[in-house]
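*Asks:* What follows is my_file.cif; its format and atoms are mmCIF, C-alpha atoms.
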```cif
data_start
#
loop_
_atom_site.label_atom_id
_atom_site.label_comp_id
_atom_site.auth_asym_id
_atom_site.auth_seq_id
_atom_site.Cartn_x
_atom_site.Cartn_y
_atom_site.Cartn_z
CA MET A 1 16.18 14.01 18.10
CA LYS A 2 17.03 10.35 18.49
CA ASP A 3 18.03 8.51 15.31
CA ARG A 4 15.55 5.71 14.65
CA SER A 5 16.65 4.73 11.17
CA HIS A 6 18.35 1.46 12.23
CA LEU A 7 16.93 -1.95 11.38
CA TYR A 8 17.41 -5.35 12.90
CA THR A 9 20.72 -6.28 11.36
CA GLN A 10 23.00 -8.82 13.02
CA GLU A 11 24.98 -5.89 14.50
CA ASN A 12 21.83 -4.40 16.03
CA ILE A 13 20.87 -7.79 17.43
CA THR A 14 24.25 -8.12 19.15
CA ILE A 15 23.93 -4.63 20.65
CA ASP A 16 20.45 -5.41 21.93
CA LEU A 17 21.68 -8.62 23.53
CA MET A 18 24.45 -6.76 25.37
CA THR A 19 22.07 -4.00 26.49
CA HIS A 20 19.50 -6.35 28.00
CA PHE A 21 21.79 -9.12 29.28
CA ASN A 22 21.64 -8.33 32.99
CA LYS A 23 17.93 -7.66 32.96
CA ARG A 24 16.83 -10.53 30.79
CA ARG A 25 19.42 -13.24 31.18
CA LEU A 26 17.15 -16.10 30.26
CA ARG A 27 15.82 -14.28 27.22
CA VAL A 28 19.32 -13.65 26.00
CA LEU A 29 20.23 -17.32 26.17
CA LEU A 30 17.22 -18.16 24.05
CA SER A 31 17.98 -15.26 21.75
CA CYS A 32 21.53 -16.44 21.18
CA PHE A 33 20.15 -19.75 20.04
CA PHE A 34 17.81 -17.87 17.69
CA LEU A 35 20.67 -15.72 16.39
CA THR A 36 22.72 -18.82 15.64
CA TYR A 37 19.77 -20.19 13.72
CA LEU A 38 19.49 -16.98 11.72
CA ILE A 39 23.16 -17.00 10.77
CA THR A 40 23.50 -20.68 9.97
CA GLY A 41 20.03 -21.74 8.93
CA CYS A 42 18.27 -18.77 7.40
CA GLY A 43 20.76 -17.52 4.87
CA MET A 44 19.44 -19.77 2.13
CA TYR A 45 15.86 -18.86 2.96
CA GLU A 46 16.50 -15.12 2.83
CA ASN A 47 18.21 -15.35 -0.55
CA GLN A 48 15.12 -16.96 -2.02
CA GLY A 49 12.82 -14.08 -1.10
CA TYR A 50 12.57 -10.44 -1.96
CA GLN A 51 15.41 -8.46 -0.39
CA TYR A 52 15.39 -4.71 0.06
CA SER A 53 17.28 -2.02 1.93
CA ARG A 54 17.28 1.75 1.72
CA SER A 55 20.58 1.64 -0.12
CA ASN A 56 19.58 -0.63 -3.00
CA GLN A 57 16.26 0.67 -4.28
CA ASN A 58 16.18 0.54 -8.05
CA SER A 59 15.00 3.38 -10.25
CA THR A 60 11.67 1.71 -11.00
CA GLN A 61 10.80 1.53 -7.32
CA ASN A 62 11.74 5.17 -6.86
CA LEU A 63 9.15 6.03 -9.51
CA ASN A 64 6.42 3.93 -7.90
CA LEU A 65 6.25 6.21 -4.90
CA PHE A 66 2.69 5.15 -4.04
CA THR A 67 3.48 1.47 -3.40
CA PRO A 68 5.81 -0.32 -0.95
CA PRO A 69 9.08 -1.83 -2.14
CA GLY A 70 8.35 -5.27 -3.56
CA HIS A 71 4.80 -4.39 -4.55
CA HIS A 72 4.22 -6.25 -7.80
CA ILE A 73 1.30 -6.88 -10.12
CA GLU A 74 1.68 -8.50 -13.51
CA THR A 75 -0.49 -5.87 -15.12
CA ASP A 76 -0.85 -7.60 -18.47
CA LEU A 77 -2.37 -10.59 -16.69
CA VAL A 78 -4.00 -9.56 -13.41
CA HIS A 79 -6.94 -7.17 -13.08
CA SER A 80 -9.53 -6.01 -10.52
CA VAL A 81 -7.37 -6.72 -7.49
CA GLN A 82 -9.02 -6.40 -4.08
CA LEU A 83 -7.50 -6.88 -0.61
CA ASN A 84 -9.56 -5.73 2.34
CA ARG A 85 -11.26 -6.85 5.52
CA SER A 86 -13.84 -9.52 4.78
CA GLY A 87 -17.27 -7.94 4.47
CA ASN A 88 -15.91 -4.38 4.15
CA PRO A 89 -14.64 -3.62 0.62
CA SER A 90 -13.50 -0.07 1.48
CA SER A 91 -11.51 -1.06 4.57
CA ALA A 92 -7.73 -1.02 4.86
CA PRO A 93 -6.00 -4.44 4.84
CA ILE A 94 -5.39 -4.53 8.61
CA LEU A 95 -5.94 -7.55 10.87
CA GLN A 96 -5.96 -7.77 14.65
CA LEU A 97 -3.72 -10.52 16.02
CA ASN A 98 -5.41 -13.50 17.72
CA GLN A 99 -8.88 -12.46 16.58
CA SER A 100 -11.32 -14.06 14.14
CA GLN A 101 -10.86 -11.35 11.51
CA GLN A 102 -9.99 -12.28 7.93
CA LEU A 103 -8.73 -10.48 4.87
CA HIS A 104 -10.33 -11.17 1.51
CA LEU A 105 -8.15 -11.30 -1.59
CA SER A 106 -9.70 -11.39 -5.03
CA PHE A 107 -8.35 -10.83 -8.52
CA GLU A 108 -9.25 -11.68 -12.09
CA ILE A 109 -7.34 -12.98 -15.08
CA LEU A 110 -8.60 -12.28 -18.58
CA GLU A 111 -8.56 -15.82 -19.91
CA PHE A 112 -10.87 -18.82 -19.95
CA ASP A 113 -8.33 -21.51 -19.02
CA SER A 114 -7.89 -22.33 -15.35
CA ARG A 115 -4.60 -21.72 -13.54
CA GLN A 116 -3.20 -22.87 -10.23
CA PHE A 117 -1.35 -20.50 -7.90
CA ARG A 118 0.91 -20.78 -4.87
CA ILE A 119 0.39 -18.39 -1.95
CA THR A 120 3.13 -17.44 0.53
CA PHE A 121 3.69 -14.66 3.08
CA SER A 122 6.68 -12.64 4.25
CA HIS A 123 7.26 -10.47 7.33
CA HIS A 124 8.69 -6.96 7.00
CA ASN A 125 10.12 -4.02 8.93
CA PRO A 126 8.34 -0.62 9.05
CA ASP A 127 10.26 0.55 5.95
CA TRP A 128 9.17 -2.65 4.14
CA SER A 129 12.62 -4.21 4.12
CA ARG A 130 12.47 -7.95 4.82
CA SER A 131 12.62 -8.83 8.52
CA SER A 132 14.80 -11.64 9.83
CA LEU A 133 11.82 -13.86 10.70
CA PRO A 134 11.34 -17.01 8.59
CA PRO A 135 7.76 -18.29 8.11
CA GLU A 136 7.90 -20.81 10.97
CA PHE A 137 8.39 -17.89 13.38
CA PHE A 138 5.32 -15.89 12.30
CA ILE A 139 2.91 -18.57 10.99
CA ASN A 140 1.33 -21.40 12.95
CA GLY A 141 0.37 -24.02 10.38
CA MET A 142 1.00 -24.34 6.67
CA ASP A 143 3.15 -21.57 5.18
CA THR A 144 2.33 -22.35 1.54
CA HIS A 145 -1.17 -22.58 0.13
CA ILE A 146 -2.69 -23.51 -3.22
CA LEU A 147 -5.32 -21.46 -5.04
CA ASP A 148 -6.93 -23.06 -8.05
CA ALA A 149 -9.97 -23.24 -10.34
CA GLY A 150 -11.52 -19.80 -10.01
CA GLN A 151 -14.98 -18.89 -11.28
CA VAL A 152 -15.59 -18.37 -14.99
CA SER A 153 -17.35 -15.18 -16.06
CA ARG A 154 -20.75 -15.33 -17.69
CA VAL A 155 -19.70 -12.77 -20.26
CA HIS A 156 -17.30 -12.96 -23.18
CA ARG A 157 -15.19 -10.56 -25.20
CA PRO A 158 -13.25 -11.03 -23.03
CA SER A 159 -13.93 -13.98 -20.75
CA TYR A 160 -12.23 -13.94 -17.37
CA ARG A 161 -11.71 -16.04 -14.26
CA GLN A 162 -12.23 -14.67 -10.77
CA TYR A 163 -10.03 -16.02 -7.96
CA SER A 164 -10.82 -15.53 -4.29
CA TYR A 165 -9.00 -16.35 -1.06
CA GLN A 166 -9.70 -15.55 2.60
CA PHE A 167 -7.02 -15.64 5.29
CA PRO A 168 -5.99 -16.50 7.94
CA ASN A 169 -8.07 -19.65 8.01
CA ASN A 170 -8.26 -23.11 9.60
CA ARG A 171 -4.96 -24.06 7.93
CA PHE A 172 -2.85 -21.34 9.49
CA GLN A 173 -2.77 -18.32 11.79
CA PHE A 174 -0.34 -15.44 12.14
CA THR A 175 1.57 -15.46 15.42
CA LYS A 176 3.43 -12.16 15.11
CA SER A 177 2.28 -8.62 14.45
CA GLY A 178 3.91 -6.29 11.94
CA ASN A 179 4.03 -5.44 8.24
CA TYR A 180 3.38 -8.30 5.84
CA GLN A 181 3.37 -8.99 2.14
CA LEU A 182 1.36 -11.66 0.35
CA GLN A 183 2.89 -13.33 -2.73
CA ILE A 184 1.00 -15.15 -5.48
CA ARG A 185 3.12 -17.26 -7.84
CA ASP A 186 2.21 -19.33 -10.86
CA HIS A 187 2.26 -22.91 -9.61
CA ASP A 188 3.73 -24.29 -12.84
CA ASN A 189 6.67 -21.94 -13.47
CA GLY A 190 7.04 -20.11 -10.15
CA ASP A 191 6.68 -16.65 -11.71
CA LEU A 192 5.61 -13.94 -9.28
CA ILE A 193 2.36 -12.41 -10.52
CA LEU A 194 1.15 -10.55 -7.44
CA GLN A 195 2.64 -9.14 -4.23
CA LEU A 196 0.51 -6.98 -1.93
CA PRO A 197 1.03 -5.38 1.52
CA PHE A 198 -1.11 -5.81 4.63
CA PHE A 199 -0.78 -5.35 8.40
CA VAL A 200 -1.31 -7.38 11.57
CA THR A 201 -1.70 -5.33 14.75
CA GLU A 202 -1.80 -6.36 18.42
CA ASN A 203 -4.19 -3.54 19.35
CA GLU A 204 -2.15 -2.81 22.50
CA GLY A 205 -2.60 0.61 24.06
CA ASP A 206 -4.78 3.30 22.55
CA THR A 207 -4.23 6.18 20.14
CA ARG A 208 -6.14 9.42 19.65
CA SER A 209 -5.29 11.63 16.72
CA THR A 210 -6.02 14.93 15.07
CA VAL A 211 -4.87 16.85 12.00
CA GLU A 212 -3.49 20.36 12.26
CA THR A 213 -4.24 22.44 9.17
CA PHE A 214 -1.98 25.38 8.51
CA PRO A 215 -3.81 28.27 6.81
CA VAL A 216 -0.59 29.71 5.39
CA PRO A 217 0.35 27.78 2.24
CA ARG A 218 3.81 26.24 2.26
CA GLN A 219 4.49 25.81 -1.46
CA ASN A 220 2.62 26.16 -4.73
CA MET A 221 -0.22 27.75 -2.76
CA ARG A 222 -1.08 24.47 -1.03
CA ILE A 223 -2.20 23.98 2.55
CA THR A 224 -0.33 21.75 4.98
CA HIS A 225 -1.58 18.88 7.13
CA ARG A 226 0.34 17.83 10.22
CA PRO A 227 -1.10 14.67 11.82
CA VAL A 228 -0.65 14.59 15.61
CA SER A 229 -1.28 11.55 17.83
CA TRP A 230 -1.17 10.63 21.50
CA TYR A 231 -0.44 7.01 22.38
CA SER A 232 -1.44 5.66 25.79
CA LEU A 233 1.31 3.30 26.87
CA PRO A 234 0.34 -0.31 27.67
CA ASP A 235 2.12 -2.31 30.39
CA ILE A 236 4.11 -4.31 27.84
CA VAL A 237 6.21 -1.24 26.96
CA ASP A 238 9.15 -0.96 29.40
CA GLN A 239 11.34 1.61 27.67
CA PRO A 240 9.26 3.71 25.25
CA PHE A 241 12.13 6.05 24.36
CA PHE A 242 14.32 3.18 23.18
CA ASP A 243 11.75 0.67 21.92
CA LEU A 244 8.97 2.60 20.16
CA GLU A 245 8.76 4.05 16.65
CA PHE A 246 5.86 6.01 15.16
CA TYR A 247 4.67 6.48 11.58
CA PHE A 248 1.90 8.14 9.57
CA THR A 249 0.53 7.54 6.09
CA GLN A 250 -2.02 9.41 3.97
CA ASN A 251 -4.84 7.94 1.87
CA GLN A 252 -3.64 4.33 2.23
CA PHE A 253 -0.49 4.85 0.17
CA TRP A 254 1.48 2.32 2.20
CA GLY A 255 4.67 3.00 0.29
CA LYS A 256 4.72 6.53 1.70
CA LEU A 257 4.89 5.83 5.44
CA ARG A 258 6.57 8.80 7.15
CA GLU A 259 8.28 8.40 10.49
CA ALA A 260 7.21 10.89 13.16
CA ASP A 261 10.16 13.23 13.60
CA GLU A 262 8.81 15.07 16.64
CA VAL A 263 8.21 12.78 19.62
CA ASP A 264 7.54 13.80 23.23
CA PHE A 265 8.20 11.18 25.95
CA SER A 266 7.83 13.55 28.92
CA ASP A 267 4.52 12.06 30.07
CA PRO A 268 5.13 8.66 31.74
CA ASP A 269 1.76 7.34 30.60
CA GLU A 270 1.45 8.78 27.11
CA VAL A 271 3.64 9.59 24.11
CA LYS A 272 2.87 12.45 21.77
CA PHE A 273 4.15 12.06 18.21
CA GLU A 274 3.74 14.22 15.10
CA LEU A 275 5.33 15.33 11.85
CA SER A 276 7.39 18.49 11.59
CA ASN A 277 6.48 21.24 9.13
CA GLN A 278 9.20 20.03 6.77
CA ASN A 279 7.83 16.48 6.82
CA SER A 280 4.11 17.27 6.66
CA PHE A 281 1.53 16.15 4.12
CA VAL A 282 -0.16 18.22 1.44
CA GLY A 283 -3.65 18.96 2.76
CA ASP A 284 -5.45 19.40 -0.57
CA TYR A 285 -4.39 16.18 -2.25
CA GLU A 286 -6.89 15.41 -5.00
CA PHE A 287 -8.33 12.49 -6.94
CA LEU A 288 -10.44 12.13 -10.03
CA THR A 289 -13.38 9.71 -9.96
CA LEU A 290 -14.29 7.18 -12.64
CA SER A 291 -17.80 5.74 -12.39
CA LEU A 292 -18.24 2.87 -14.84
CA ASN A 293 -21.68 1.77 -13.72
CA ASN A 294 -22.34 0.83 -17.32
CA LEU A 295 -20.33 0.94 -20.52
CA THR A 296 -22.81 2.76 -22.76
CA GLN A 297 -23.19 6.41 -23.68
CA SER A 298 -25.98 6.73 -21.16
CA ASN A 299 -23.10 7.04 -18.69
CA PRO A 300 -22.35 10.81 -18.52
CA GLN A 301 -18.60 10.15 -18.38
CA ILE A 302 -18.65 8.28 -21.73
CA VAL A 303 -18.70 10.28 -24.96
CA GLU A 304 -18.22 7.40 -27.41
CA SER A 305 -18.69 3.64 -27.23
CA ARG A 306 -17.47 1.02 -29.69
CA PRO A 307 -19.09 -2.24 -28.51
CA GLY A 308 -18.04 -4.16 -31.62
CA GLU A 309 -14.35 -4.02 -30.75
CA TYR A 310 -12.57 -6.68 -28.67
CA PRO A 311 -12.63 -5.75 -25.89
CA PRO A 312 -15.21 -2.98 -26.29
CA THR A 313 -13.62 0.49 -26.42
CA ILE A 314 -15.09 3.50 -24.65
CA TYR A 315 -13.90 7.11 -24.73
CA LEU A 316 -14.30 9.24 -21.61
CA THR A 317 -15.07 12.93 -21.42
CA ASP A 318 -11.96 15.09 -21.34
CA ASP A 319 -10.18 15.69 -18.06
CA VAL A 320 -8.82 19.21 -17.65
CA SER A 321 -6.03 20.09 -15.28
CA GLY A 322 -7.34 21.86 -12.19
CA PHE A 323 -11.08 21.52 -12.87
CA SER A 324 -12.11 17.89 -12.52
CA SER A 325 -11.24 16.66 -9.04
CA SER A 326 -13.67 14.90 -6.75
CA ARG A 327 -14.53 16.59 -3.45
CA SER A 328 -15.44 13.38 -1.65
CA ILE A 329 -13.00 11.37 0.46
CA GLN A 330 -11.46 8.41 -1.34
CA THR A 331 -11.08 5.30 0.85
CA GLY A 332 -9.24 2.21 -0.25
CA ARG A 333 -6.58 2.01 -2.93
CA TYR A 334 -7.99 -0.85 -5.01
CA GLY A 335 -11.21 0.78 -6.14
CA ARG A 336 -14.59 -0.92 -6.22
CA PRO A 337 -14.72 -3.20 -9.28
CA ASN A 338 -18.07 -4.90 -9.78
CA ARG A 339 -17.42 -8.45 -8.56
CA ASP A 340 -20.48 -9.86 -10.31
CA LEU A 341 -19.46 -12.38 -12.98
CA THR A 342 -21.77 -10.68 -15.45
CA ALA A 343 -19.84 -7.39 -15.23
CA GLN A 344 -17.78 -6.54 -18.31
CA TYR A 345 -14.33 -5.21 -19.13
CA ALA A 346 -13.58 -2.45 -21.61
CA ASN A 347 -10.62 -0.69 -23.10
CA VAL A 348 -11.10 2.73 -21.50
CA VAL A 349 -9.55 5.70 -23.32
CA PHE A 350 -8.61 8.69 -21.13
CA THR A 351 -8.21 12.12 -22.72
CA PHE A 352 -6.43 14.87 -20.81
CA ASP A 353 -5.84 18.57 -21.35
CA PRO A 354 -2.94 19.57 -19.08
CA ALA A 355 -3.70 23.28 -19.68
CA GLU A 356 0.04 23.95 -19.77
CA GLU A 357 2.69 23.14 -22.32
CA ILE A 358 4.54 19.90 -21.60
CA SER A 359 8.24 20.43 -22.19
CA TYR A 360 10.67 18.11 -23.90
CA GLY A 361 11.82 15.47 -21.42
CA GLN A 362 8.58 15.61 -19.42
CA SER A 363 6.01 12.80 -19.46
CA ILE A 364 2.46 12.36 -18.19
CA TYR A 365 1.31 9.11 -16.60
CA LEU A 366 -2.09 7.84 -15.56
CA VAL A 367 -2.19 6.13 -12.14
CA GLY A 368 -5.20 4.83 -10.26
CA ASP A 369 -7.03 2.07 -8.48
CA PHE A 370 -7.38 0.13 -11.73
CA ASN A 371 -3.60 -0.12 -12.28
CA ASN A 372 -2.76 -0.31 -8.56
CA TRP A 373 -1.07 3.10 -8.55
CA MET A 374 1.92 1.79 -10.44
CA ILE A 375 3.72 4.02 -12.92
CA ASN A 376 3.78 1.86 -15.99
CA PRO A 377 4.92 2.54 -19.59
CA ASP A 378 1.56 1.16 -20.76
CA THR A 379 -0.27 4.12 -19.21
CA GLU A 380 2.02 6.91 -20.35
CA LEU A 381 -0.05 9.51 -22.20
CA LYS A 382 0.75 10.34 -25.83
CA ARG A 383 -0.15 13.59 -27.52
CA ASP A 384 -2.79 13.43 -30.26
CA GLU A 385 -1.95 16.31 -32.56
CA ASN A 386 -5.38 16.28 -34.22
CA LEU A 387 -7.21 16.57 -30.90
CA ASN A 388 -4.57 18.75 -29.25
CA ARG A 389 -4.99 16.48 -26.24
CA TRP A 390 -3.07 13.71 -24.49
CA GLN A 391 -4.42 10.14 -24.41
CA THR A 392 -3.83 6.70 -22.97
CA SER A 393 -5.97 3.65 -22.28
CA SER A 394 -6.35 0.88 -19.72
CA ILE A 395 -8.37 -2.35 -19.50
CA ILE A 396 -10.89 -1.73 -16.70
CA LYS A 397 -13.91 -3.58 -15.33
CA GLU A 398 -17.25 -2.00 -14.54
CA GLY A 399 -17.12 -0.33 -11.13
CA SER A 400 -15.92 2.87 -9.45
CA TYR A 401 -12.30 4.00 -9.15
CA SER A 402 -10.05 6.90 -8.16
CA TYR A 403 -7.23 8.08 -10.37
CA LYS A 404 -4.97 11.02 -11.19
CA TYR A 405 -2.39 12.26 -13.68
CA VAL A 406 1.23 12.75 -12.61
CA LEU A 407 4.15 14.46 -14.28
CA MET A 408 7.55 12.84 -14.65
CA ALA A 409 10.63 14.96 -15.28
CA ASN A 410 14.31 14.10 -14.73
CA ASN A 411 13.28 10.66 -13.52
CA GLN A 412 11.27 12.24 -10.68
CA VAL A 413 7.50 12.08 -10.24
CA ASP A 414 5.49 15.20 -9.40
CA GLU A 415 2.15 13.85 -8.16
CA LEU A 416 0.73 17.33 -7.43
CA TYR A 417 1.51 19.06 -10.71
CA PHE A 418 -2.01 18.71 -12.15
CA ASP A 419 -3.97 18.84 -8.87
CA ASP A 420 -6.58 21.45 -8.03
CA GLN A 421 -5.60 24.25 -5.71
CA PHE A 422 -7.56 25.94 -2.91
CA SER A 423 -9.80 22.86 -2.60
CA ARG A 424 -10.90 21.39 0.71
CA THR A 425 -11.18 17.64 0.35
CA ARG A 426 -10.98 15.48 3.47
CA GLN A 427 -7.87 13.33 3.70
CA GLU A 428 -7.62 9.89 5.32
CA TYR A 429 -4.73 9.12 7.70
CA HIS A 430 -3.40 6.15 9.64
CA SER A 431 -0.96 6.23 12.53
CA PHE A 432 1.26 3.23 13.35
CA VAL A 433 3.01 2.41 16.62
CA TYR A 434 5.86 -0.13 16.43
CA MET A 435 7.95 -1.69 19.18
CA ARG A 436 11.39 -3.24 18.67
CA ASP A 437 11.27 -6.70 20.21
CA SER A 438 14.76 -7.22 21.64
CA SER A 439 14.26 -10.92 22.35
CA GLU A 440 13.04 -12.05 18.93
CA PHE A 441 14.48 -9.20 16.87
CA TYR A 442 11.54 -7.92 14.87
CA TYR A 443 9.18 -4.93 14.88
CA ARG A 444 5.89 -5.54 16.64
CA LEU A 445 2.96 -3.46 15.41
CA LEU A 446 1.24 -2.46 18.65
CA HIS A 447 -1.49 -0.17 17.38
CA VAL A 448 -3.03 1.35 14.22
CA ASN A 449 -5.42 4.29 14.27
CA ARG A 450 -7.48 5.62 11.36
CA PHE A 451 -8.59 9.26 11.37
CA LEU A 452 -9.71 11.98 8.96
CA SER A 453 -8.94 15.63 8.44
CA ASP A 454 -11.72 18.15 8.97
CA SER A 455 -11.50 19.40 5.39
#
```
Would you put the structure from the file into structure tokens?

*Replies:*
Amino acid sequence: MKDRSHLYTQENITIDLMTHFNKRRLRVLLSCFFLTYLITGCGMYENQGYQYSRSNQNSTQNLNLFTPPGHHIETDLVHSVQLNRSGNPSSAPILQLNQSQQLHLSFEILEFDSRQFRITFSHHNPDWSRSSLPPEFFINGMDTHILDAGQVSRVHRPSYRQYSYQFPNNRFQFTKSGNYQLQIRDHDNGDLILQLPFFVTENEGDTRSTVETFPVPRQNMRITHRPVSWYSLPDIVDQPFFDLEFYFTQNQFWGKLREADEVDFSDPDEVKFELSNQNSFVGDYEFLTLSLNNLTQSNPQIVESRPGEYPPTIYLTDDVSGFSSSRSIQTGRYGRPNRDLTAQYANVVFTFDPAEEISYGQSIYLVGDFNNWMINPDTELKRDENLNRWQTSSIIKEGSYSYKYVLMANNQVDELYFDDQFSRTRQEYHSFVYMRDSSEFYYRLLHVNRFLSDS
């Protein structure tokens, strides 16, 4: 199997130039000019942005296995984040290059005073490390944008401001495909408050996909899903064996992209790519569902409401390990907060019975759409000796969300420890086809395909 773990370092760029010199002489001359620019002119730029490589992940990022490196949300400040295709709240944040599509970003801050924010974008490799492209190479137009004012809620206790932004727009367009991250910074002090991933695809070629379900459990009595895809090669691909890379992800957890480790190039018109048994996904991955259509005890998930507190506090029915999971497919990883300015926030108390003794050195964390699937000390569960249950709380707006409990032990996260077994919930998958561009030294995202498992 060919090793595809390399990135576009300066050494890789030099090798690519030597490989393609005779075939693409003119391109190489232009590329050398670009390389000189990267070495002499981009160093300062790169040092200002987020830098990441496989060798320097910190321990916090290792714990946040659901999110890409660099994913950041100032959770004490920012709530009800949404990033999806305009007009489709459950869609993945994927744009088609050179089309009229837009992504819609919205978030809320629990304060009355207005703030001003600065918006920037960065281009990334398939593993989310920063690519070598500066903004002027992937954006046509302004590369920094201002977001201000926001809309004030019509409710209090607490009040909040809702900020909204659609892009690309008449001020700029993306000129390159690939992985991207959007950054929101406080305009006054420059603090990063929000960084979210999205994708721009060229929609070149075509992909058909399926999911192979293995009836024999692999571990812990769980079934296995192996996504398999066939990619019809477009004319722009000259050397598929050398230039293409293939990835899969499950349930829109973009930080968990897995590279296809079984690839068949024998057909001159089509490439088959899949995951091996050792690299496959768990087929019965489960979520719990929180439906906060209202914040009163008429909601069957609420057992106690304290509207006089600030913010109002509500207590949910107990979750029990292995008996509470939703059987419906969960699309989107930001939930569906009610965007109406009359919708309220509450301090939501979760109570969990793990059904098994939690040993010394083990911890339980709550992760979900409402905290952007980030493992955070604020949502670590604490044992209530009087209730003989574990509890934590989170500030959440009315709406519907997916969530789950995960176990942490020895600084490792077990996301399946409390999941149901023998369930048959459909899983959502995406396949990604990337091409190494040897003239401009970045990864082009040629095609993205969404597909579902049968059960």

*Asks:* Go through segment 351-375 of chain A and flag each residue having an atom no more than 8 Å from segment 65-84 of chain A; for those, report the closest pair of atoms plus their distance in Å to one decimal, using only C-alpha atoms, ordered by chain and rising number, as a tab-separated table.

*Replies:*
```
residue	atom	partner	partner_atom	distance
A:Phe370	CA	A:Ser80	CA	6.6
A:Asn371	CA	A:Thr75	CA	7.1
A:Asn372	CA	A:Ile73	CA	7.9
A:Trp373	CA	A:Phe66	CA	6.2
A:Met374	CA	A:Thr67	CA	7.2
```

*Asks:* The selected residues should be written to file as a short mmCIF file (atom, residue, chain, number, x, y, z; two decimals), in the coordinates of the input (atoms: C-alpha atoms).

*Replies:*
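Final file, part.cif:
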```
data_model
loop_
_atom_site.label_atom_id
_atom_site.label_comp_id
_atom_site.auth_asym_id
_atom_site.auth_seq_id
_atom_site.Cartn_x
_atom_site.Cartn_y
_atom_site.Cartn_z
CA PHE A 370 -7.38 0.13 -11.73
CA ASN A 371 -3.60 -0.12 -12.28
CA ASN A 372 -2.76 -0.31 -8.56
CA TRP A 373 -1.07 3.10 -8.55
CA MET A 374 1.92 1.79 -10.44
#
```

*Asks:* Any idea what the distance is between atom CA of Asn203 of chain A and atom CA of Gln239 of chain A?

*Replies:*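 Going from atom CA of Asn203 of chain A over to atom CA of Gln239 of chain A covers 18.4 Å.
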
*Asks:* For this file, the PyMOL selection byres ((chain A and resi 398) around 12) selects which residues, as a VMD selection string?

*Replies:* chain A and resid 79 to 80 290 to 296 299 312 314 335 to 348 370 395 to 397 399 to 401

*Asks:* Suppose you want the space between atom CA of Leu275 of chain A and atom CA of Ala92 of chain A; what is it in Å?

*Replies:*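 It comes out at 22.1 Å.
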
*Asks:* From the options A:Phe273, A:Phe112, A:Phe281, A:Tyr443, which residue's atoms come nearest to Leu133 of chain A, counting all atoms listed in the file?

*Replies:* A:Tyr443

*Asks:* Starting from the displayed file, determine the output of the PyMOL selection byres ((chain A and resi 427) around 6) and express the residue list as a ChimeraX atom specification.

*Replies:* /A:426,428,452-453

*Asks:* With 6 Å of padding per side, what axis-aligned box (centre and edge lengths, Å, one decimal) covers all the listed atoms of segment 377-394 of chain A? Give it as lines of an AutoDock Vina configuration file.

*Replies:*
```
center_x = -1.1
center_y = 9.8
center_z = -26.7
size_x = 24.1
size_y = 29.9
size_z = 27.0
```

*Asks:* When the PyMOL selection byres ((chain A and resi 261) around 7) is applied to the structure above, which residues does it catch, written out as an MDAnalysis selection string?

*Replies:* chainID A and resid 259:260 262:263 274:276

*Asks:* So, counting only C-alpha atoms, which residue among A:Gln173, A:Ser363, A:Thr425, A:Ser86 is closest to Tyr405 of chain A?

*Replies:*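 Smallest separation from Tyr405 of chain A among the options: A:Ser363.
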
*Asks:* Within 12 Å of Asp269 of chain A, counting all atoms listed in the file, which residues qualify if same-chain residues fewer than 3 places away don't, as a list in words?

*Replies:*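 My reading of the contact set: Gly205, Asp206, Trp230, Tyr231, Ser232, Leu233, Pro234, Asp235, Val237, Asp238, Gln239, Pro240, Asp264, Phe265, Ser266 and Lys272 of chain A.
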
*Asks:* Can you tell me how far atom CA of Gly150 of chain A sits from atom CA of Tyr310 of chain A, in Å to one decimal?

*Replies:*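 Distance reported for this atom pair: 22.8 Å.
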
*Asks:* Taking into account all atoms listed in the file, which residue in the set A:Asp369, A:Asp127, A:Asp420, A:Asp454 is nearest to Pro227 of chain A?

*Replies:*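 That would be A:Asp454, the residue with the smallest distance to Pro227 of chain A.
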
*Asks:* Give me, as a list in words, all polymer residues having an atom no more than 8 Å from Val303 of chain A, counting all atoms listed in the file and skipping those fewer than 4 positions away in the same chain.

*Replies:* Gln297, Ile314, Tyr315, Leu316 and Thr317 of chain A

*Asks:* My list of candidates is A:Leu182, A:Phe138, A:Ser131, A:Ile375. Which is closest to Arg118 of chain A when distances are computed with only C-alpha atoms?

*Replies:*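 Closest candidate: A:Leu182.
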
*Asks:* Looking at all atoms listed in the file, which of A:Asn449, A:Ser438, A:Thr144, A:Gln96 is the one that sits closest to Phe242 of chain A?

*Replies:*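 Closest to Phe242 of chain A of all the choices is A:Ser438.
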